[in-house]
>>> print(open('protein-v3.txt').read())   # compact mmCIF, C-alpha atoms
# COMPACT_ATOMS: atom_id res chain seq x y z
CA MET A 236 0.00 0.00 0.00
CA GLY A 237 1.49 3.33 -1.00
CA GLN A 238 1.85 6.18 1.48
CA GLY A 239 -0.36 9.26 1.20
CA VAL A 240 0.94 12.79 1.16
CA ASN A 241 -0.40 15.18 3.81
CA PHE A 242 -0.10 18.94 3.48
CA SER A 243 -1.68 21.89 5.26
CA SER A 244 -0.92 24.57 2.71
CA PRO A 245 -2.00 24.85 -0.93
CA LEU A 246 -0.21 22.75 -3.54
CA ARG A 247 1.29 24.99 -6.19
CA VAL A 248 2.91 24.20 -9.53
CA ASP A 249 5.06 26.96 -11.02
CA GLY A 250 3.42 29.36 -8.59
CA VAL A 251 -0.13 28.40 -9.58
CA THR A 252 -2.39 26.84 -6.92
CA VAL A 253 -3.85 23.56 -8.17
CA VAL A 254 -5.04 22.08 -4.84
CA ASP A 255 -6.25 24.24 -1.94
CA GLU A 256 -5.94 23.55 1.81
CA SER A 257 -9.15 21.46 1.80
CA GLY A 258 -7.86 19.17 -0.95
CA LYS A 259 -10.11 20.63 -3.63
CA LEU A 260 -8.74 20.90 -7.17
CA VAL A 261 -8.84 24.56 -8.15
CA GLY A 262 -6.45 24.70 -11.09
CA ASP A 263 -6.25 23.05 -14.48
CA ILE A 264 -4.62 19.62 -14.45
CA THR A 265 -4.04 17.96 -17.81
CA ALA A 266 -4.08 14.18 -17.99
CA THR A 267 -2.43 12.15 -20.73
CA ALA A 268 -4.98 10.22 -22.77
CA GLY A 269 -5.84 6.97 -20.98
CA SER A 270 -3.66 7.74 -17.96
CA ILE A 271 -6.47 7.80 -15.39
CA GLY A 272 -7.42 4.24 -14.46
CA THR A 273 -9.55 2.82 -11.68
CA ALA A 274 -6.50 2.37 -9.42
CA GLU A 275 -5.84 6.11 -9.55
CA ILE A 276 -9.35 7.08 -8.39
CA ALA A 277 -10.44 6.64 -4.77
CA ASP A 278 -14.01 5.57 -3.98
CA ASP A 279 -16.39 8.57 -3.85
CA ALA A 280 -13.53 10.79 -4.99
CA ILE A 281 -15.30 12.30 -8.00
CA THR A 282 -17.73 15.05 -6.99
CA ALA A 283 -19.43 17.78 -9.01
CA GLU A 284 -17.35 20.44 -7.24
CA LYS A 285 -14.10 18.85 -8.47
CA LEU A 286 -15.10 18.71 -12.12
CA ALA A 287 -14.77 21.69 -14.43
CA ASP A 288 -17.47 22.13 -17.07
CA GLY A 289 -16.71 19.79 -19.98
CA ALA A 290 -13.94 18.04 -18.02
CA VAL A 291 -15.13 14.47 -18.55
CA THR A 292 -14.19 13.23 -22.03
CA ALA A 293 -13.71 9.71 -23.32
CA GLU A 294 -10.06 10.40 -24.19
CA LYS A 295 -9.17 11.27 -20.57
CA LEU A 296 -10.41 7.97 -19.13
CA ALA A 297 -8.91 4.50 -19.38
CA ALA A 298 -11.38 1.73 -20.25
CA GLY A 299 -13.42 0.83 -17.17
CA ALA A 300 -11.80 3.53 -15.04
CA VAL A 301 -14.93 5.20 -13.73
CA THR A 302 -17.18 2.80 -11.81
CA ALA A 303 -20.22 3.53 -9.64
CA GLU A 304 -18.04 3.24 -6.53
CA LYS A 305 -15.76 6.04 -7.72
CA LEU A 306 -18.58 8.56 -8.14
CA ALA A 307 -20.14 10.50 -5.30
CA ALA A 308 -23.91 10.92 -5.52
CA GLY A 309 -24.81 13.50 -8.18
CA ALA A 310 -21.15 13.97 -9.09
CA VAL A 311 -21.41 14.05 -12.87
CA ASP A 312 -24.06 16.39 -14.25
CA ASN A 313 -24.52 17.60 -17.84
CA ALA A 314 -22.30 20.64 -17.28
CA ALA A 315 -19.33 18.41 -16.41
CA ILE A 316 -19.71 16.25 -19.52
CA ASP A 317 -18.06 17.15 -22.79
CA ALA A 318 -20.76 18.44 -25.14
CA ASP A 319 -20.10 15.77 -27.79
CA MET A 320 -20.98 12.95 -25.38
CA ILE A 321 -24.55 11.66 -24.94
CA GLN A 322 -26.50 13.63 -22.35
CA THR A 323 -29.88 13.20 -20.66
CA ALA A 324 -32.23 15.83 -19.27
CA LYS A 325 -35.49 15.58 -17.34
CA VAL A 326 -38.29 18.09 -17.94
CA THR A 327 -41.64 18.06 -16.12
CA LEU A 328 -44.67 19.48 -17.91
CA THR A 329 -47.59 20.61 -15.74
CA ALA A 330 -51.28 20.46 -16.58
CA ALA A 331 -51.10 24.05 -17.81
CA LYS A 332 -48.31 23.12 -20.27
CA ILE A 333 -50.27 20.11 -21.50
CA VAL A 334 -53.49 21.98 -22.35
CA GLY A 335 -52.07 25.44 -23.07
CA THR A 336 -51.05 27.21 -26.26
CA ASP A 337 -48.87 29.92 -24.72
CA VAL A 338 -45.07 30.01 -25.00
CA GLY A 339 -43.63 26.89 -23.37
CA CYS A 340 -46.76 24.79 -23.88
CA ILE A 341 -47.12 21.67 -26.04
CA GLY A 342 -49.74 23.43 -28.17
CA HIS A 343 -47.57 26.49 -28.90
CA SER A 344 -45.98 26.74 -32.35
CA ALA A 345 -42.53 26.36 -30.74
CA GLY A 346 -43.65 23.45 -28.57
CA ALA A 347 -42.67 22.76 -24.96
CA VAL A 348 -38.90 23.15 -24.87
CA LEU A 349 -37.07 20.05 -23.60
CA VAL A 350 -33.52 21.11 -24.46
CA ALA A 351 -32.63 24.76 -25.03
CA ALA A 352 -31.02 25.92 -28.26
CA PRO A 353 -27.27 25.24 -27.87
CA GLY A 354 -25.97 28.49 -29.39
CA GLU A 355 -24.49 29.62 -32.67
CA GLY A 356 -22.44 27.02 -34.53
CA LYS A 357 -24.00 24.07 -32.67
CA VAL A 358 -26.77 21.61 -33.46
CA LEU A 359 -28.78 19.25 -31.25
CA GLU A 360 -29.16 15.59 -32.21
CA PHE A 361 -32.17 13.77 -30.74
CA VAL A 362 -31.38 10.21 -29.62
CA SER A 363 -34.41 9.00 -27.66
CA ALA A 364 -36.94 9.91 -25.00
CA VAL A 365 -38.91 8.22 -22.26
CA LEU A 366 -42.17 10.00 -21.44
CA SER A 367 -43.80 9.17 -18.09
CA TYR A 368 -47.39 10.35 -17.62
CA ASN A 369 -48.62 10.76 -14.06
CA PHE A 370 -52.43 10.52 -14.10
CA ASP A 371 -54.29 12.66 -11.57
CA THR A 372 -58.08 12.91 -10.95
CA ALA A 373 -59.39 12.92 -14.54
CA ALA A 374 -58.26 12.29 -18.12
CA TYR A 375 -57.47 14.98 -20.65
CA THR A 376 -59.55 14.91 -23.83
CA GLY A 377 -59.22 16.21 -27.38
CA GLY A 378 -55.75 16.41 -28.86
CA GLY A 379 -54.77 15.07 -32.24
CA ASP A 380 -52.69 11.91 -31.68
CA ASP A 381 -49.82 14.00 -33.02
CA ASN A 382 -47.41 14.63 -30.15
CA VAL A 383 -43.86 14.43 -31.49
CA ILE A 384 -40.35 15.36 -30.45
CA ARG A 385 -39.08 18.05 -32.80
CA GLN A 386 -35.72 19.62 -33.56
CA GLY A 387 -36.78 23.17 -34.24
CA THR A 388 -39.95 22.61 -36.27
CA THR A 389 -38.89 19.26 -37.77
CA ALA A 390 -40.30 16.03 -36.31
CA VAL A 391 -37.50 13.69 -35.22
CA SER A 392 -39.68 11.04 -33.55
CA ALA A 393 -42.81 9.10 -34.44
CA ALA A 394 -46.12 10.52 -33.22
CA ILE A 395 -47.50 9.35 -29.86
CA ALA A 396 -51.21 8.54 -29.75
CA GLY A 397 -53.20 10.27 -27.03
CA ALA A 398 -54.59 6.99 -25.67
CA ASP A 399 -51.02 5.75 -25.20
CA LEU A 400 -49.98 8.66 -22.99
CA LEU A 401 -51.67 11.99 -22.26
CA GLU A 402 -55.28 10.87 -22.65
CA ASP A 403 -54.88 7.69 -20.61
CA THR A 404 -56.92 7.11 -17.46
CA GLU A 405 -53.92 5.76 -15.54
CA ASP A 406 -50.18 6.27 -15.31
CA ASP A 407 -48.44 5.46 -18.57
CA ILE A 408 -44.93 5.35 -20.04
CA ALA A 409 -44.00 5.76 -23.70
CA TYR A 410 -40.67 5.47 -25.49
CA VAL A 411 -39.64 7.06 -28.78
CA ASN A 412 -36.35 7.14 -30.61
CA ALA A 413 -34.95 9.04 -33.55
CA LEU A 414 -36.70 8.50 -36.87
CA SER A 415 -34.87 6.16 -39.24
CA ALA A 416 -35.65 8.07 -42.42
CA ALA A 417 -32.91 8.30 -45.03
CA ASP A 418 -32.22 11.87 -44.01
CA ILE A 419 -33.80 14.50 -41.79
CA LYS A 420 -32.98 18.16 -42.26
CA LEU A 421 -31.83 19.75 -38.98
CA THR A 422 -31.25 23.39 -38.15
CA ALA A 423 -28.40 24.83 -36.12
CA ASN A 424 -29.10 26.53 -32.78
CA SER A 425 -32.61 25.07 -32.50
CA THR A 426 -34.38 23.52 -29.51
CA LEU A 427 -35.59 20.00 -28.94
CA ASN A 428 -39.26 20.32 -28.07
CA LEU A 429 -42.48 18.37 -27.59
CA HIS A 430 -45.24 19.61 -29.90
CA GLY A 431 -48.78 18.60 -30.72
CA THR A 432 -52.41 19.66 -30.63
CA ALA A 433 -53.23 21.06 -27.19
CA LEU A 434 -55.41 18.75 -25.14
CA THR A 435 -58.70 19.84 -23.57
CA GLN A 436 -59.04 20.41 -19.84
CA PRO A 437 -62.30 18.67 -18.76
CA GLY A 438 -62.24 20.60 -15.49
CA THR A 439 -60.32 18.49 -12.98
CA ALA A 440 -57.49 16.87 -14.94
CA ALA A 441 -54.20 17.46 -13.11
CA GLY A 442 -51.86 14.90 -14.66
CA THR A 443 -48.23 15.83 -15.33
CA LEU A 444 -45.66 14.55 -17.82
CA ASP A 445 -42.01 13.79 -17.07
CA VAL A 446 -39.84 13.69 -20.19
CA PHE A 447 -36.42 12.06 -19.98
CA ILE A 448 -34.70 13.09 -23.21
CA THR A 449 -31.36 11.79 -24.46
CA TYR A 450 -29.39 13.90 -26.94
CA ARG A 451 -26.01 15.07 -28.23
CA VAL A 452 -24.65 18.54 -28.94
CA HIS A 453 -22.49 18.84 -32.07
CA THR A 454 -20.18 21.78 -32.78
CA LEU A 455 -20.28 22.62 -36.48
>>> encode(input="protein-v3.txt", output="C-alpha cells")
Amino acid sequence: MGQGVNFSSPLRVDGVTVVDESGKLVGDITATAGSIGTAEIADDAITAEKLADGAVTAEKLAAGAVTAEKLAAGAVDNAAIDADMIQTAKVTLTAAKIVGTDVGCIGHSAGAVLVAAPGEGKVLEFVSAVLSYNFDTAAYTGGGDDNVIRQGTTAVSAAIAGADLLEDTEDDIAYVNALSAADIKLTANSTLNLHGTALTQPGTAAGTLDVFITYRVHTL
C-alpha cells in the first residue's frame, strides 16, 4: 500500500495553486490520454465540485476507469460532460403546459422546450426519450394523436397517440427514438421540443408529464 501525502498549505505548480488547503482541485490539471485508471481514483472521490465544465471526455479515461463506486452521488451532471458525449435531461410538464397554447406549452408553435437551443455554430441531435405520464383525478380529452419530439420545427420522432400517454386514465410510459428516415434536415441553434395539438381540460385533470430526453450537442 502506497503512502499518502499530507499537506496543510495549498499545492502549487510553477506558482499556480492547483489544490487548496481542503484538498479541492482549483487549477487546471491535464491528464495524458488513458492515464487515469480505476487504481488512480479513490471511492467517492469524484464530486461535481471537483469537475470543471466539460472536463469528462472519453479520451481522458482509461477503459473501465470510472465505476459507480468512484462517483459520489450527483457527481457528474450535464455541465461536467463534454458536449459531444450523450447527455440526458429531465423536464416536467404541468397540466397548464399540456393543455395550453402559450409560450412553453405543447400546443404552442414552438412546442414545450425540452432542451434549449445550444448556441451559434451548434446543433442538437435527438437520440431518444422516455415519457412518463402521471395521471391525476381525470383524463385529458381532445388532442390530435400527433405529439412528437421536434428539432426546431422538424419532427424527429414518431407521433404518440393520445390513448397511449396523455389521454390515458392511468399512469403510462411511452418510449420514442430518432426516426430512421434516409435523411432529416436539422437546423443549427434550435431547440428540442415536444409539440402537438393542445389537449382539452375537462375541469379536474391534473396529470403531469415527465420527459427524460437523451441527446447530443455537435459543434459545427
>>> atom_distance(input="protein-v3.txt", atom1="atom CA of A:Lys259", atom2="atom CA of A:Thr282")
10.0 Å
>>> atom_distance(input="protein-v3.txt", atom1="atom CA of A:Thr435", atom2="atom CA of A:Ile408")
20.3 Å
>>> atom_distance(input="protein-v3.txt", atom1="atom CA of A:Leu434", atom2="atom CA of A:Gly335")
7.8 Å
>>> closest_residue(input="protein-v3.txt", among="A:Leu455, A:Ala417, A:Leu429, A:Val348", to="A:Ile384", atoms="only C-alpha atoms")
A:Leu429
>>> closest_residue(input="protein-v3.txt", among="A:Ala433, A:Ala277, A:Val358, A:Ala413", to="A:Ile448", atoms="only C-alpha atoms")
A:Ala413
>>> residues_around(input="protein-v3.txt", residues="A:Val350", least_positions_apart="2", cutoff="12 Å", atoms="only C-alpha atoms", output="PyMOL selection string")
chain A and resi 313+322-326+339+346-348+352-354+358-361+364+384-387+424-429+446-452
>>> write_last_selection(input="protein-v3.txt", atoms="C-alpha atoms", output="short mmCIF file (atom, residue, chain, number, x, y, z; two decimals), keeping the file's coordinate frame")
data_model
loop_
_atom_site.label_atom_id
_atom_site.label_comp_id
_atom_site.auth_asym_id
_atom_site.auth_seq_id
_atom_site.Cartn_x
_atom_site.Cartn_y
_atom_site.Cartn_z
CA ASN A 313 -24.52 17.60 -17.84
CA GLN A 322 -26.50 13.63 -22.35
CA THR A 323 -29.88 13.20 -20.66
CA ALA A 324 -32.23 15.83 -19.27
CA LYS A 325 -35.49 15.58 -17.34
CA VAL A 326 -38.29 18.09 -17.94
CA GLY A 339 -43.63 26.89 -23.37
CA GLY A 346 -43.65 23.45 -28.57
CA ALA A 347 -42.67 22.76 -24.96
CA VAL A 348 -38.90 23.15 -24.87
CA ALA A 352 -31.02 25.92 -28.26
CA PRO A 353 -27.27 25.24 -27.87
CA GLY A 354 -25.97 28.49 -29.39
CA VAL A 358 -26.77 21.61 -33.46
CA LEU A 359 -28.78 19.25 -31.25
CA GLU A 360 -29.16 15.59 -32.21
CA PHE A 361 -32.17 13.77 -30.74
CA ALA A 364 -36.94 9.91 -25.00
CA ILE A 384 -40.35 15.36 -30.45
CA ARG A 385 -39.08 18.05 -32.80
CA GLN A 386 -35.72 19.62 -33.56
CA GLY A 387 -36.78 23.17 -34.24
CA ASN A 424 -29.10 26.53 -32.78
CA SER A 425 -32.61 25.07 -32.50
CA THR A 426 -34.38 23.52 -29.51
CA LEU A 427 -35.59 20.00 -28.94
CA ASN A 428 -39.26 20.32 -28.07
CA LEU A 429 -42.48 18.37 -27.59
CA VAL A 446 -39.84 13.69 -20.19
CA PHE A 447 -36.42 12.06 -19.98
CA ILE A 448 -34.70 13.09 -23.21
CA THR A 449 -31.36 11.79 -24.46
CA TYR A 450 -29.39 13.90 -26.94
CA ARG A 451 -26.01 15.07 -28.23
CA VAL A 452 -24.65 18.54 -28.94
#
>>> residues_near_point(input="protein-v3.txt", point="(-59.0, 12.7, -24.7)", cutoff="8 Å", atoms="only C-alpha atoms", output="ChimeraX atom specification")
/A:374-378,397-398,401-403,434-435
>>> closest_residue(input="protein-v3.txt", among="A:Thr443, A:Leu421, A:Gly438, A:Thr389", to="A:Asp407", atoms="only C-alpha atoms")
A:Thr443
